[in-house]
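A.B. asks: I'm passing along run_18.cif; it holds mmCIF, C-alpha atoms.
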data_coords
loop_
_atom_site.label_atom_id
_atom_site.label_comp_id
_atom_site.auth_asym_id
_atom_site.auth_seq_id
_atom_site.Cartn_x
_atom_site.Cartn_y
_atom_site.Cartn_z
CA MET A 761 45.11 22.72 27.85
CA ARG A 762 45.05 19.02 28.77
CA THR A 763 44.04 16.63 26.02
CA VAL A 764 43.37 13.43 27.98
CA GLN A 765 40.44 11.15 27.14
CA GLY A 766 37.44 12.58 28.96
CA ASP A 767 33.90 11.89 30.05
CA ALA A 768 32.81 14.78 27.90
CA SER A 769 34.50 16.44 25.01
CA LEU A 770 33.78 19.33 22.74
CA ARG A 771 35.67 19.77 19.51
CA ASP A 772 35.67 23.13 17.73
CA VAL A 773 32.16 23.89 19.01
CA THR A 774 30.45 27.11 18.00
CA VAL A 775 27.12 28.30 19.37
CA ILE A 776 25.25 31.18 17.80
CA PHE A 777 22.23 32.98 19.26
CA ASP A 778 20.52 35.74 17.29
CA ASP A 779 23.40 35.88 14.79
CA ARG A 780 25.84 36.47 17.66
CA PRO A 781 28.49 33.85 18.50
CA ILE A 782 28.19 32.94 22.18
CA ILE A 783 30.84 30.21 22.04
CA ARG A 784 33.53 30.28 19.38
CA GLY A 785 35.50 27.24 18.22
CA LEU A 786 35.75 25.74 21.69
CA SER A 787 37.60 22.44 22.17
CA LEU A 788 37.59 20.84 25.58
CA GLU A 789 38.15 17.50 27.31
CA ILE A 790 36.55 16.97 30.71
CA THR A 791 37.49 13.97 32.83
CA ALA A 792 36.57 12.69 36.29
CA GLY A 793 37.20 15.19 39.05
CA LEU A 794 36.31 18.82 39.52
CA THR A 795 36.38 21.26 36.61
CA LEU A 796 35.85 24.94 37.40
CA ILE A 797 34.59 27.42 34.86
CA ARG A 798 35.10 31.06 35.66
CA GLY A 799 34.58 34.26 33.75
CA PRO A 800 32.71 37.56 33.78
CA ASN A 801 28.98 37.93 33.19
CA GLY A 802 28.03 37.07 29.62
CA ALA A 803 31.27 35.16 29.01
CA GLY A 804 29.37 32.01 27.96
CA LYS A 805 29.71 29.89 31.14
CA THR A 806 26.04 28.92 31.30
CA THR A 807 25.91 28.25 27.57
CA LEU A 808 28.97 26.01 27.85
CA LEU A 809 27.28 23.93 30.58
CA ARG A 810 24.10 23.73 28.51
CA VAL A 811 26.08 22.64 25.46
CA ILE A 812 27.65 19.81 27.46
CA ALA A 813 24.18 18.86 28.75
CA GLY A 814 22.91 18.74 25.16
CA MET A 815 20.36 21.49 25.75
CA VAL A 816 21.66 23.93 23.17
CA PRO A 817 21.97 23.34 19.41
CA ILE A 818 25.52 23.77 18.18
CA ALA A 819 26.15 25.61 14.94
CA GLY A 820 29.39 23.74 14.31
CA GLY A 821 31.79 21.21 15.82
CA GLU A 822 31.23 17.99 17.74
CA ARG A 823 29.95 17.15 21.19
CA ARG A 824 30.52 13.79 22.91
CA VAL A 825 29.30 12.83 26.37
CA ASP A 826 29.63 9.42 28.01
CA GLY A 827 26.76 8.53 30.31
CA GLU A 828 23.92 10.55 31.74
CA THR A 829 24.27 14.15 32.86
CA LEU A 830 22.62 16.12 35.63
CA TYR A 831 22.37 19.82 34.86
CA ILE A 832 21.30 22.16 37.68
CA GLY A 833 20.98 25.72 36.45
CA HIS A 834 21.33 29.00 38.31
CA ARG A 835 17.62 28.73 39.08
CA PRO A 836 16.43 25.68 41.05
CA MET A 837 14.42 24.11 38.18
CA LEU A 838 11.62 22.86 40.40
CA LEU A 839 8.01 22.87 39.17
CA ARG A 840 5.78 25.20 41.15
CA GLY A 841 2.62 23.62 42.48
CA LEU A 842 4.53 20.51 43.55
CA THR A 843 6.36 19.94 46.80
CA ALA A 844 10.13 19.51 46.99
CA ARG A 845 9.60 15.78 47.65
CA GLU A 846 7.28 15.43 44.64
CA ASN A 847 9.67 17.28 42.36
CA LEU A 848 12.63 15.13 43.33
CA SER A 849 10.59 11.93 43.21
CA PHE A 850 9.59 12.82 39.67
CA TYR A 851 13.20 13.29 38.55
CA SER A 852 14.25 10.11 40.30
CA ARG A 853 11.50 7.98 38.80
CA PHE A 854 12.03 9.52 35.38
CA ARG A 855 15.55 8.10 35.44
CA GLY A 856 14.15 4.70 36.40
CA LEU A 857 15.28 4.93 40.04
CA GLN A 858 13.29 4.27 43.17
CA ASP A 859 12.29 7.41 45.04
CA ALA A 860 13.03 5.92 48.47
CA ALA A 861 16.18 8.03 48.85
CA VAL A 862 14.37 11.33 48.32
CA ALA A 863 13.17 11.96 51.88
CA ASP A 864 16.55 11.12 53.43
CA ALA A 865 18.37 13.33 50.95
CA LEU A 866 16.07 16.29 51.60
CA ARG A 867 16.48 15.74 55.34
CA GLY A 868 20.24 15.83 54.80
CA TRP A 869 19.87 19.22 53.18
CA GLY A 870 17.95 20.62 56.15
CA LEU A 871 14.46 20.37 54.67
CA ASP A 872 13.05 17.89 57.17
CA GLY A 873 9.90 19.82 58.00
CA LYS A 874 9.54 21.50 54.63
CA MET A 875 9.82 18.76 52.04
CA ASP A 876 6.02 18.48 51.73
CA ARG A 877 5.51 22.19 51.27
CA ALA A 878 4.88 23.52 47.73
CA VAL A 879 8.17 24.85 46.38
CA GLU A 880 6.78 28.35 45.84
CA ARG A 881 6.35 28.53 49.62
CA LEU A 882 10.02 27.78 50.22
CA SER A 883 12.69 30.48 50.37
CA ALA A 884 15.15 30.83 47.49
CA GLY A 885 17.85 29.19 49.60
CA GLU A 886 15.59 26.27 50.50
CA ARG A 887 14.70 25.75 46.85
CA ARG A 888 18.40 25.73 46.03
CA ARG A 889 19.02 23.12 48.76
CA ALA A 890 16.21 20.97 47.35
CA ALA A 891 17.68 21.26 43.86
CA MET A 892 21.15 20.31 45.09
CA ALA A 893 19.75 17.21 46.81
CA ARG A 894 19.31 15.82 43.29
CA VAL A 895 23.08 15.32 43.16
CA GLU A 896 22.81 12.74 45.94
CA ILE A 897 19.63 11.10 44.63
CA GLU A 898 20.15 10.77 40.89
CA ARG A 899 23.83 9.81 41.14
CA VAL A 900 24.74 10.35 37.50
CA PRO A 901 28.40 10.31 36.43
CA LEU A 902 28.53 13.86 35.01
CA LEU A 903 27.30 16.80 37.10
CA LEU A 904 26.92 20.25 35.57
CA LEU A 905 26.32 22.90 38.23
CA ASP A 906 25.69 26.53 37.31
CA GLU A 907 26.29 28.91 40.24
CA PRO A 908 25.41 26.22 42.81
CA PHE A 909 26.15 28.56 45.73
CA ALA A 910 23.56 31.15 44.71
CA ASP A 911 20.97 32.15 47.35
CA LEU A 912 22.61 30.06 50.11
CA ASP A 913 23.63 31.02 53.63
CA GLU A 914 27.00 30.01 55.12
CA GLY A 915 25.67 26.61 56.18
CA GLY A 916 24.28 25.95 52.74
CA ILE A 917 27.51 27.01 51.05
CA THR A 918 29.48 24.60 53.20
CA ARG A 919 26.98 21.83 52.43
CA VAL A 920 27.26 22.45 48.67
CA ARG A 921 31.06 22.49 48.87
CA ASP A 922 31.02 19.18 50.77
CA CYS A 923 28.59 17.72 48.25
CA ILE A 924 30.81 18.74 45.32
CA LEU A 925 33.93 17.32 46.95
CA SER A 926 32.13 14.14 47.90
CA ALA A 927 30.98 13.65 44.29
CA ARG A 928 34.51 14.31 43.11
CA ASP A 929 35.94 11.80 45.58
CA GLU A 930 33.45 9.19 44.35
CA GLY A 931 35.06 9.51 40.92
CA ARG A 932 32.24 11.48 39.35
CA THR A 933 32.87 14.32 36.94
CA VAL A 934 31.76 17.64 38.38
CA VAL A 935 31.74 20.81 36.31
CA VAL A 936 31.02 23.99 38.27
CA ALA A 937 30.51 27.47 36.84
CA THR A 938 30.88 30.12 39.53
CA HIS A 939 32.12 33.65 40.04
CA GLY A 940 33.30 33.26 43.60
CA HIS A 941 34.63 30.62 45.97
CA PRO A 942 38.36 30.82 45.19
CA GLU A 943 38.95 28.05 47.74
CA LEU A 944 37.74 25.59 45.07
CA ASP A 945 40.63 26.52 42.78
CA ALA A 946 43.10 24.36 44.68
CA LEU A 947 40.73 21.39 44.55
CA ALA A 948 39.97 21.51 40.83
CA ALA A 949 41.65 19.23 38.31
CA LEU A 950 40.95 21.72 35.54
CA ARG A 951 40.22 25.44 35.64
CA LEU A 952 38.85 27.27 32.65
CA LEU A 953 38.52 31.00 32.18
CA MET A 954 35.78 31.95 29.75
CA ASN A 955 35.73 35.31 28.04
CA GLU A 956 33.59 36.31 25.08
CA GLY A 957 32.86 32.71 24.18
CA VAL A 958 36.46 31.54 24.27
CA ALA A 959 37.90 29.31 27.02
CA ARG A 960 41.50 29.05 28.12
CA ALA A 961 43.12 27.10 30.93
CA ALA A 962 43.53 29.28 34.03
CA MET B 773 5.29 5.25 27.86
CA ASN B 774 6.08 5.22 31.57
CA ARG B 775 7.90 8.54 31.22
CA ILE B 776 4.95 10.06 29.35
CA ALA B 777 2.66 8.93 32.17
CA LEU B 778 5.05 10.47 34.72
CA VAL B 779 4.99 13.83 32.93
CA ALA B 780 1.19 13.70 32.66
CA ALA B 781 0.80 12.84 36.35
CA ARG B 782 3.19 15.65 37.32
CA GLU B 783 1.19 18.10 35.23
CA LEU B 784 -2.16 17.04 36.67
CA ARG B 785 -0.84 17.16 40.23
CA ALA B 786 0.52 20.70 39.74
CA GLU B 787 -2.77 21.79 38.16
CA ARG B 788 -4.73 20.29 41.04
CA ARG B 789 -2.67 22.35 43.51
CA GLN B 790 -2.72 25.53 41.40
CA PRO B 791 -5.80 25.17 39.18
CA ASP B 792 -5.26 28.50 37.40
CA GLY B 793 -5.53 27.07 33.89
CA ILE B 794 -8.56 24.89 34.37
CA VAL B 795 -10.45 27.53 36.40
CA ALA B 796 -9.77 30.20 33.77
CA ALA B 797 -10.81 27.87 30.94
CA THR B 798 -14.00 26.71 32.68
CA THR B 799 -14.99 30.27 33.59
CA PHE B 800 -14.31 31.42 30.05
CA ILE B 801 -16.47 28.74 28.43
CA ALA B 802 -19.26 29.18 31.02
CA VAL B 803 -19.41 32.95 30.50
CA LEU B 804 -19.44 32.51 26.73
CA VAL B 805 -22.37 30.06 26.93
CA LEU B 806 -24.23 32.48 29.23
CA LEU B 807 -23.61 35.39 26.89
CA GLU B 808 -24.49 33.44 23.77
CA SER B 809 -28.26 33.64 24.02
CA LEU B 810 -28.09 37.28 25.11
CA VAL B 811 -26.01 38.26 22.09
CA VAL B 812 -27.68 36.28 19.31
CA GLY B 813 -31.12 35.91 20.86
CA PRO B 814 -32.79 32.74 22.18
CA VAL B 815 -34.04 31.49 18.82
CA ILE B 816 -30.72 31.66 16.98
CA ALA B 817 -28.83 30.45 20.08
CA ARG B 818 -30.86 27.22 20.03
CA ASP B 819 -29.83 26.53 16.43
CA ALA B 820 -27.67 23.39 16.51
CA ASP B 821 -25.03 24.79 14.14
CA VAL B 822 -24.70 28.08 16.04
CA ALA B 823 -24.57 26.45 19.49
CA ALA B 824 -22.01 23.87 18.33
CA ALA B 825 -19.84 26.48 16.60
CA LEU B 826 -19.71 28.75 19.64
CA PHE B 827 -18.97 25.80 21.93
CA TRP B 828 -15.99 24.68 19.84
CA ILE B 829 -14.61 28.19 19.35
CA ALA B 830 -14.78 28.68 23.12
CA LEU B 831 -13.09 25.33 23.67
CA ALA B 832 -10.32 26.18 21.21
CA PHE B 833 -9.55 29.37 23.14
CA ALA B 834 -9.80 27.44 26.42
CA THR B 835 -7.19 25.01 25.04
CA ILE B 836 -4.84 27.89 24.21
CA LEU B 837 -5.36 29.39 27.66
CA THR B 838 -4.78 26.12 29.54
CA THR B 839 -1.75 25.15 27.45
CA MET B 840 -0.10 28.54 27.86
CA ARG B 841 -0.66 28.46 31.61
CA SER B 842 0.86 24.99 31.73
CA PHE B 843 4.03 26.16 29.97
CA ASP B 844 4.17 29.41 31.96
CA ARG B 845 4.41 27.26 35.08
CA GLU B 846 7.23 25.25 33.47
CA LEU B 847 9.14 28.43 32.64
CA GLU B 848 9.06 29.73 36.22
CA ASP B 849 12.30 28.62 37.88
CA ASP B 850 13.33 26.91 34.60
CA ALA B 851 11.51 23.66 35.45
CA LEU B 852 11.14 23.00 31.72
CA ASP B 853 14.93 22.98 31.34
CA ALA B 854 15.22 20.31 34.00
CA LEU B 855 12.77 18.11 32.10
CA VAL B 856 14.48 18.75 28.77
CA ALA B 857 17.88 17.90 30.30
CA LEU B 858 16.67 14.48 31.47
CA PRO B 859 17.36 11.52 29.18
CA GLY B 860 14.20 11.05 27.12
CA GLY B 861 12.74 14.26 28.55
CA ARG B 862 12.10 15.92 25.21
CA ASP B 863 10.25 12.90 23.88
CA ALA B 864 8.12 12.52 27.01
CA LEU B 865 7.29 16.23 27.24
CA PHE B 866 4.90 16.31 24.30
CA GLY B 867 3.11 13.04 25.07
CA GLY B 868 2.75 13.88 28.75
CA LYS B 869 1.39 17.35 28.06
CA VAL B 870 -1.08 15.99 25.49
CA LEU B 871 -2.39 13.40 27.97
CA ALA B 872 -2.72 15.85 30.85
CA LEU B 873 -4.25 18.68 28.83
CA THR B 874 -6.71 16.29 27.18
CA ALA B 875 -7.88 15.16 30.62
CA MET B 876 -8.29 18.77 31.77
CA LEU B 877 -10.08 19.82 28.60
CA LEU B 878 -12.50 16.90 28.81
CA LEU B 879 -13.55 18.32 32.16
CA VAL B 880 -13.89 21.83 30.71
CA ALA B 881 -15.82 20.44 27.72
CA ALA B 882 -18.15 18.50 30.03
CA VAL B 883 -18.95 21.63 32.04
CA GLY B 884 -19.38 23.78 28.91
CA GLY B 885 -21.41 21.09 27.13
CA ILE B 886 -23.79 20.52 30.03
CA LEU B 887 -24.23 24.27 30.49
CA SER B 888 -25.00 24.66 26.78
CA LEU B 889 -27.54 21.85 26.79
CA VAL B 890 -29.28 23.08 29.94
CA LEU B 891 -29.16 26.87 29.54
CA LEU B 892 -29.93 26.91 25.82
CA ASP B 893 -32.39 24.01 26.18
CA LEU B 894 -30.84 22.32 23.15
CA PRO B 895 -32.46 19.25 21.63
CA LEU B 896 -30.18 16.22 22.01
CA ALA B 897 -31.13 13.38 19.67
CA LEU B 898 -27.96 11.24 19.91
CA PRO B 899 -26.15 11.68 23.27
CA ILE B 900 -23.68 8.81 22.74
CA HIS B 901 -22.74 10.15 19.31
CA LEU B 902 -22.30 13.63 20.78
CA ALA B 903 -20.02 12.21 23.48
CA ILE B 904 -17.90 10.50 20.80
CA VAL B 905 -17.63 13.72 18.76
CA VAL B 906 -16.68 15.73 21.86
CA LEU B 907 -14.13 13.09 22.91
CA PHE B 908 -12.33 13.02 19.55
CA GLY B 909 -12.74 16.78 19.10
CA VAL B 910 -11.06 17.43 22.44
CA VAL B 911 -8.30 14.87 21.80
CA ALA B 912 -7.48 16.64 18.52
CA LEU B 913 -7.02 20.08 20.09
CA PRO B 914 -3.94 19.91 22.42
CA PRO B 915 -1.36 18.50 19.92
CA VAL B 916 -1.69 21.53 17.62
CA VAL B 917 -1.69 24.09 20.42
CA ILE B 918 1.23 22.46 22.27
CA VAL B 919 3.38 22.51 19.13
CA ASP B 920 2.56 26.20 18.59
CA VAL B 921 3.29 27.10 22.22
CA ILE B 922 6.65 25.34 22.03
CA LEU B 923 7.54 27.09 18.77
CA ALA B 924 6.77 30.45 20.40
CA LEU B 925 8.11 29.51 23.84
CA ARG B 926 11.09 31.86 24.01
CA LEU B 927 9.35 34.79 22.35
CA ARG B 928 8.12 37.73 24.39
CA ALA B 929 5.02 38.11 22.23
CA ARG B 930 3.96 34.48 22.63
CA ALA B 931 0.62 35.40 24.22
CA ALA B 932 -0.35 37.09 20.95
CA LEU B 933 1.50 34.72 18.62
CA VAL B 934 0.08 31.42 19.84
CA PRO B 935 -3.56 32.16 18.88
CA ILE B 936 -2.38 33.61 15.56
CA LEU B 937 -0.35 30.46 14.83
CA ALA B 938 -2.87 27.97 16.18
CA LEU B 939 -6.25 29.17 14.95
CA PRO B 940 -5.63 28.83 11.18
CA VAL B 941 -4.44 25.26 11.73
CA LEU B 942 -7.41 24.52 13.99
CA VAL B 943 -10.04 25.74 11.49
CA PRO B 944 -10.54 22.36 9.74
CA GLN B 945 -10.85 20.65 13.14
CA LEU B 946 -13.30 23.26 14.39
CA VAL B 947 -15.43 22.85 11.26
CA ALA B 948 -15.41 19.06 11.65
CA ALA B 949 -16.20 19.27 15.36
CA THR B 950 -19.02 21.78 14.77
CA ARG B 951 -20.55 19.65 12.01
CA GLY B 952 -20.23 16.50 14.08
CA ALA B 953 -21.77 18.01 17.21
CA SER B 954 -24.55 19.60 15.19
CA ALA B 955 -25.30 16.27 13.49
CA ALA B 956 -25.48 14.53 16.87
CA LEU B 957 -27.85 17.20 18.21
CA VAL B 958 -30.29 16.89 15.29
CA GLY B 959 -30.14 13.08 15.03
CA ASP B 960 -27.90 12.49 11.98
CA ASP B 961 -26.00 9.42 13.21
CA VAL B 962 -24.02 8.78 10.01
CA GLY B 963 -22.96 12.42 9.84
CA ALA B 964 -21.92 12.51 13.51
CA LEU B 965 -19.80 9.38 13.26
CA SER B 966 -18.21 10.47 9.97
CA TRP B 967 -17.12 13.78 11.47
CA ALA B 968 -15.94 11.98 14.60
CA GLY B 969 -13.79 9.72 12.40
CA LEU B 970 -12.27 12.75 10.74
CA LEU B 971 -11.54 14.31 14.15
CA PHE B 972 -9.82 11.08 15.21
CA ALA B 973 -7.67 11.26 12.05
CA PHE B 974 -6.75 14.87 12.89
CA ALA B 975 -5.76 13.79 16.40
CA VAL B 976 -3.53 10.98 15.10
CA VAL B 977 -1.86 13.10 12.41
CA TYR B 978 -1.12 16.02 14.76
CA ALA B 979 0.05 13.71 17.54
CA VAL B 980 2.53 12.04 15.18
CA LEU B 981 3.68 15.45 13.90
CA GLY B 982 4.09 16.72 17.45
CA LEU B 983 6.09 13.67 18.52
CA THR B 984 8.37 14.26 15.53
CA ILE B 985 8.72 18.04 15.75
CA VAL B 986 8.77 18.80 19.48
CA PRO B 987 12.05 17.09 20.50
CA ALA B 988 13.91 19.22 17.94
CA ALA B 989 11.83 22.38 18.41
CA ILE B 990 12.29 22.46 22.17
CA GLU B 991 15.99 23.33 21.74
#
Can I see the file as structure tokens?
C.D. replies:
Amino acid sequence: MRTVQGDASLRDVTVIFDDRPIIRGLSLEITAGLTLIRGPNGAGKTTLLRVIAGMVPIAGGERRVDGETLYIGHRPMLLRGLTARENLSFYSRFRGLQDAAVADALRGWGLDGKMDRAVERLSAGERRRAAMARVEIERVPLLLLDEPFADLDEGGITRVRDCILSARDEGRTVVVATHGHPELDALAALRLLMNEGVARAA
Amino acid sequence: MNRIALVAARELRAERRQPDGIVAATTFIAVLVLLESLVVGPVIARDADVAAALFWIALAFATILTTMRSFDRELEDDALDALVALPGGRDALFGGKVLALTAMLLLVAAVGGILSLVLLDLPLALPIHLAIVVLFGVVALPPVVIVDVILALRLRARAALVPILALPVLVPQLVAATRGASAALVGDDVGALSWAGLLFAFAVVYAVLGLTIVPAAIE
């Protein structure tokens, strides 16, 4: 496995849930570019992303992350009762940014006529598109995307792929956990295969 | 502070669109006030201590109901995770929820209080003092309940656990609020203000505890 200085690093990290180790002694350096995490269900991919995002307590080891992170989970993480525009404006303003870019970004994701509709009235794919628009609005250096292609049609999948590659080309660090999309393998700087809480370079 | 205000505004906007929590809480307190005189009889129901006690017990349950609904909404689609993952999100979560839920509960308390005064034809000697007691009594409720909801957040039995965890801690506040409201109804100004002061102290202590505990507990 590469050991270059990274934007995020984990050293001998162990995560335990309900007395069961989910991640075991994992060391990892993630630098700018695309990192792919693959592995079967229950391998620990989501937990690994959440550890990097600082959302999970670690039982042992060290975690270091430079700069802000944007974690988008396998669900869209939008608050019901608010519109897509209101949700994204909230996230943007929370980071101290202006929310002027929100409408344009949502338009770019094909939500022109739907951005002022409550998110529970959007389809799963539309909610996913709205969530992914955060990548272009919040512009943080480290993106953590868990199954970003879920619920999307062909057009949406292409749009997500373009968005990931665009972020990578801007020099941002993009970590993607996904089962499918083998075409990303050739574009990734680092590929990890997770199995039973252990990662190895693929 | 700006982030806390953003979380509070987000919460109030979502509740305005989907007012499940506030409607349930208001209905609950209104039904309880209506039933009160039927259950205990009109003479006992007009007793200041009894009326105040039932009002605050109803409001405590209304707080639990509203707070749980607020977090249920956050758990749908993992919206809570998005907030927690933001820089400063954990710290703003507690303060924002306290602000928003206090605003909602003041509305519920106003409806329940007016209904109690009108339907039970309660004597009201010191209205300003009563308003102060209700204000501080309401402010003291959400911090305790929010901490308990967060501690039980990932548990399947949280609907049963939250009242069990919250009510023993709320007892001293409920006693103080009942005594204060009763004193204001019967015209004991020193008593009303003393109990209001104690309620304010409860609010400050639990708010500080919540601000300390919640960022770690939310993991």
A.B. asks: List as JSON lines every residue of chain B that is in contact with chain A, defined as an atom at most 8 Å from one of its atoms (using all atoms listed in the file), together with the nearest atom pair and the distance in Å rounded to one decimal, sorted by chain and then rising number.
C.D. replies:
{"residue": "B:Arg775", "atom": "CA", "partner": "A:Phe854", "partner_atom": "CA", "distance": 5.9}
{"residue": "B:Leu778", "atom": "CA", "partner": "A:Phe854", "partner_atom": "CA", "distance": 7.1}
{"residue": "B:Arg782", "atom": "CA", "partner": "A:Phe850", "partner_atom": "CA", "distance": 7.4}
{"residue": "B:Arg785", "atom": "CA", "partner": "A:Leu842", "partner_atom": "CA", "distance": 7.1}
{"residue": "B:Ala786", "atom": "CA", "partner": "A:Gly841", "partner_atom": "CA", "distance": 4.5}
{"residue": "B:Glu787", "atom": "CA", "partner": "A:Gly841", "partner_atom": "CA", "distance": 7.1}
{"residue": "B:Arg789", "atom": "CA", "partner": "A:Gly841", "partner_atom": "CA", "distance": 5.5}
{"residue": "B:Gln790", "atom": "CA", "partner": "A:Gly841", "partner_atom": "CA", "distance": 5.8}
{"residue": "B:Arg845", "atom": "CA", "partner": "A:Arg840", "partner_atom": "CA", "distance": 6.6}
{"residue": "B:Glu846", "atom": "CA", "partner": "A:Leu839", "partner_atom": "CA", "distance": 6.2}
{"residue": "B:Glu848", "atom": "CA", "partner": "A:Arg840", "partner_atom": "CA", "distance": 7.5}
{"residue": "B:Asp849", "atom": "CA", "partner": "A:Met837", "partner_atom": "CA", "distance": 5.0}
{"residue": "B:Asp850", "atom": "CA", "partner": "A:Met837", "partner_atom": "CA", "distance": 4.7}
{"residue": "B:Ala851", "atom": "CA", "partner": "A:Met837", "partner_atom": "CA", "distance": 4.0}
{"residue": "B:Leu852", "atom": "CA", "partner": "A:Met837", "partner_atom": "CA", "distance": 7.3}
{"residue": "B:Asp853", "atom": "CA", "partner": "A:Met837", "partner_atom": "CA", "distance": 7.0}
{"residue": "B:Ala854", "atom": "CA", "partner": "A:Met837", "partner_atom": "CA", "distance": 5.7}
{"residue": "B:Val856", "atom": "CA", "partner": "A:Met815", "partner_atom": "CA", "distance": 7.2}
{"residue": "B:Ala857", "atom": "CA", "partner": "A:Met815", "partner_atom": "CA", "distance": 6.3}
{"residue": "B:Leu858", "atom": "CA", "partner": "A:Leu830", "partner_atom": "CA", "distance": 7.4}
{"residue": "B:Pro859", "atom": "CA", "partner": "A:Glu828", "partner_atom": "CA", "distance": 7.1}
{"residue": "B:Glu991", "atom": "CA", "partner": "A:Val816", "partner_atom": "CA", "distance": 5.9}
A.B. asks: Could you save those same residues with C-alpha atoms as a PDB file, keeping the file's coordinate frame?
C.D. replies:
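Dumped to again_3.pdb:
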ATOM      1  CA  ARG B 775       7.900   8.540  31.220  1.00  0.00           C
ATOM      2  CA  LEU B 778       5.050  10.470  34.720  1.00  0.00           C
ATOM      3  CA  ARG B 782       3.190  15.650  37.320  1.00  0.00           C
ATOM      4  CA  ARG B 785      -0.840  17.160  40.230  1.00  0.00           C
ATOM      5  CA  ALA B 786       0.520  20.700  39.740  1.00  0.00           C
ATOM      6  CA  GLU B 787      -2.770  21.790  38.160  1.00  0.00           C
ATOM      7  CA  ARG B 789      -2.670  22.350  43.510  1.00  0.00           C
ATOM      8  CA  GLN B 790      -2.720  25.530  41.400  1.00  0.00           C
ATOM      9  CA  ARG B 845       4.410  27.260  35.080  1.00  0.00           C
ATOM     10  CA  GLU B 846       7.230  25.250  33.470  1.00  0.00           C
ATOM     11  CA  GLU B 848       9.060  29.730  36.220  1.00  0.00           C
ATOM     12  CA  ASP B 849      12.300  28.620  37.880  1.00  0.00           C
ATOM     13  CA  ASP B 850      13.330  26.910  34.600  1.00  0.00           C
ATOM     14  CA  ALA B 851      11.510  23.660  35.450  1.00  0.00           C
ATOM     15  CA  LEU B 852      11.140  23.000  31.720  1.00  0.00           C
ATOM     16  CA  ASP B 853      14.930  22.980  31.340  1.00  0.00           C
ATOM     17  CA  ALA B 854      15.220  20.310  34.000  1.00  0.00           C
ATOM     18  CA  VAL B 856      14.480  18.750  28.770  1.00  0.00           C
ATOM     19  CA  ALA B 857      17.880  17.900  30.300  1.00  0.00           C
ATOM     20  CA  LEU B 858      16.670  14.480  31.470  1.00  0.00           C
ATOM     21  CA  PRO B 859      17.360  11.520  29.180  1.00  0.00           C
ATOM     22  CA  GLU B 991      15.990  23.330  21.740  1.00  0.00           C
TER      23      GLU B 991
END
A.B. asks: Work out how far atom CA of A:Leu902 is from atom CA of A:Glu930, in Å to one decimal.
C.D. replies: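 Atom-to-atom, atom CA of A:Glu930 to atom CA of A:Leu902, that is 11.5 Å.
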A.B. asks: Find the residues around B:Leu879 up to 9 Å (all atoms listed in the file counted), leave out those fewer than 5 positions away in its own chain, and share them as a PyMOL selection string.
C.D. replies: chain B and resi 794+798+874+884
A.B. asks: Which residues are close to stretch 982-986 of chain B, i.e. within 12 Å by only C-alpha atoms, leaving aside same-chain residues fewer than 3 positions away? Reply as a compact mmCIF listing (two decimals) with C-alpha atoms, keeping the file's coordinate frame.
C.D. replies:
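The resulting file, selection.txt, is reproduced below:
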# COMPACT_ATOMS: atom_id res chain seq x y z
CA ILE B 776 4.95 10.06 29.35
CA VAL B 856 14.48 18.75 28.77
CA GLY B 861 12.74 14.26 28.55
CA ARG B 862 12.10 15.92 25.21
CA ASP B 863 10.25 12.90 23.88
CA ALA B 864 8.12 12.52 27.01
CA LEU B 865 7.29 16.23 27.24
CA PHE B 866 4.90 16.31 24.30
CA GLY B 867 3.11 13.04 25.07
CA GLY B 868 2.75 13.88 28.75
CA LYS B 869 1.39 17.35 28.06
CA VAL B 870 -1.08 15.99 25.49
CA ALA B 912 -7.48 16.64 18.52
CA LEU B 913 -7.02 20.08 20.09
CA PRO B 914 -3.94 19.91 22.42
CA PRO B 915 -1.36 18.50 19.92
CA VAL B 916 -1.69 21.53 17.62
CA VAL B 917 -1.69 24.09 20.42
CA ILE B 918 1.23 22.46 22.27
CA VAL B 919 3.38 22.51 19.13
CA ASP B 920 2.56 26.20 18.59
CA VAL B 921 3.29 27.10 22.22
CA ILE B 922 6.65 25.34 22.03
CA LEU B 923 7.54 27.09 18.77
CA ALA B 924 6.77 30.45 20.40
CA LEU B 925 8.11 29.51 23.84
CA PHE B 974 -6.75 14.87 12.89
CA ALA B 975 -5.76 13.79 16.40
CA VAL B 976 -3.53 10.98 15.10
CA VAL B 977 -1.86 13.10 12.41
CA TYR B 978 -1.12 16.02 14.76
CA ALA B 979 0.05 13.71 17.54
CA ALA B 989 11.83 22.38 18.41
CA ILE B 990 12.29 22.46 22.17
CA GLU B 991 15.99 23.33 21.74
A.B. asks: Which residues are close to stretch 944-959 of chain B, i.e. within 7 Å by all atoms listed in the file, leaving aside same-chain residues fewer than 5 positions away? Reply as a list of chain:residue names.
C.D. replies: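 The residues that qualify are B:Ala820, B:Asp821, B:Ala824, B:Ala825, B:Trp828, B:Pro895, B:Leu896, B:Ala897, B:Leu898, B:His901, B:Leu902, B:Val905, B:Gly909, B:Ala964, B:Trp967, B:Ala968, B:Leu971.
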A.B. asks: In Å, how far is it from atom CA of A:Thr807 to atom CA of A:His941?
C.D. replies: 20.5 Å
A.B. asks: For the provided coordinates, the residues matched by the PyMOL selection byres ((chain A and resi 912) around 9) should be stated as a list in words.
C.D. replies: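 When the PyMOL selection byres ((chain A and resi 912) around 9) is applied, the selected residues are Ala884, Gly885, Glu886, Arg888, Arg889, Pro908, Phe909, Ala910, Asp911, Asp913, Glu914, Gly915, Gly916 and Ile917 of chain A.
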A.B. asks: For A:Val935, please output as a PyMOL selection string all residues within 12 Å (counting only C-alpha atoms; exclusion window: fewer than 3 positions along the same chain).
C.D. replies: chain A and resi 767-768+789-798+805-806+808-810+812-813+829-833+901-908+924-925+927-928+932+938+944+948-952
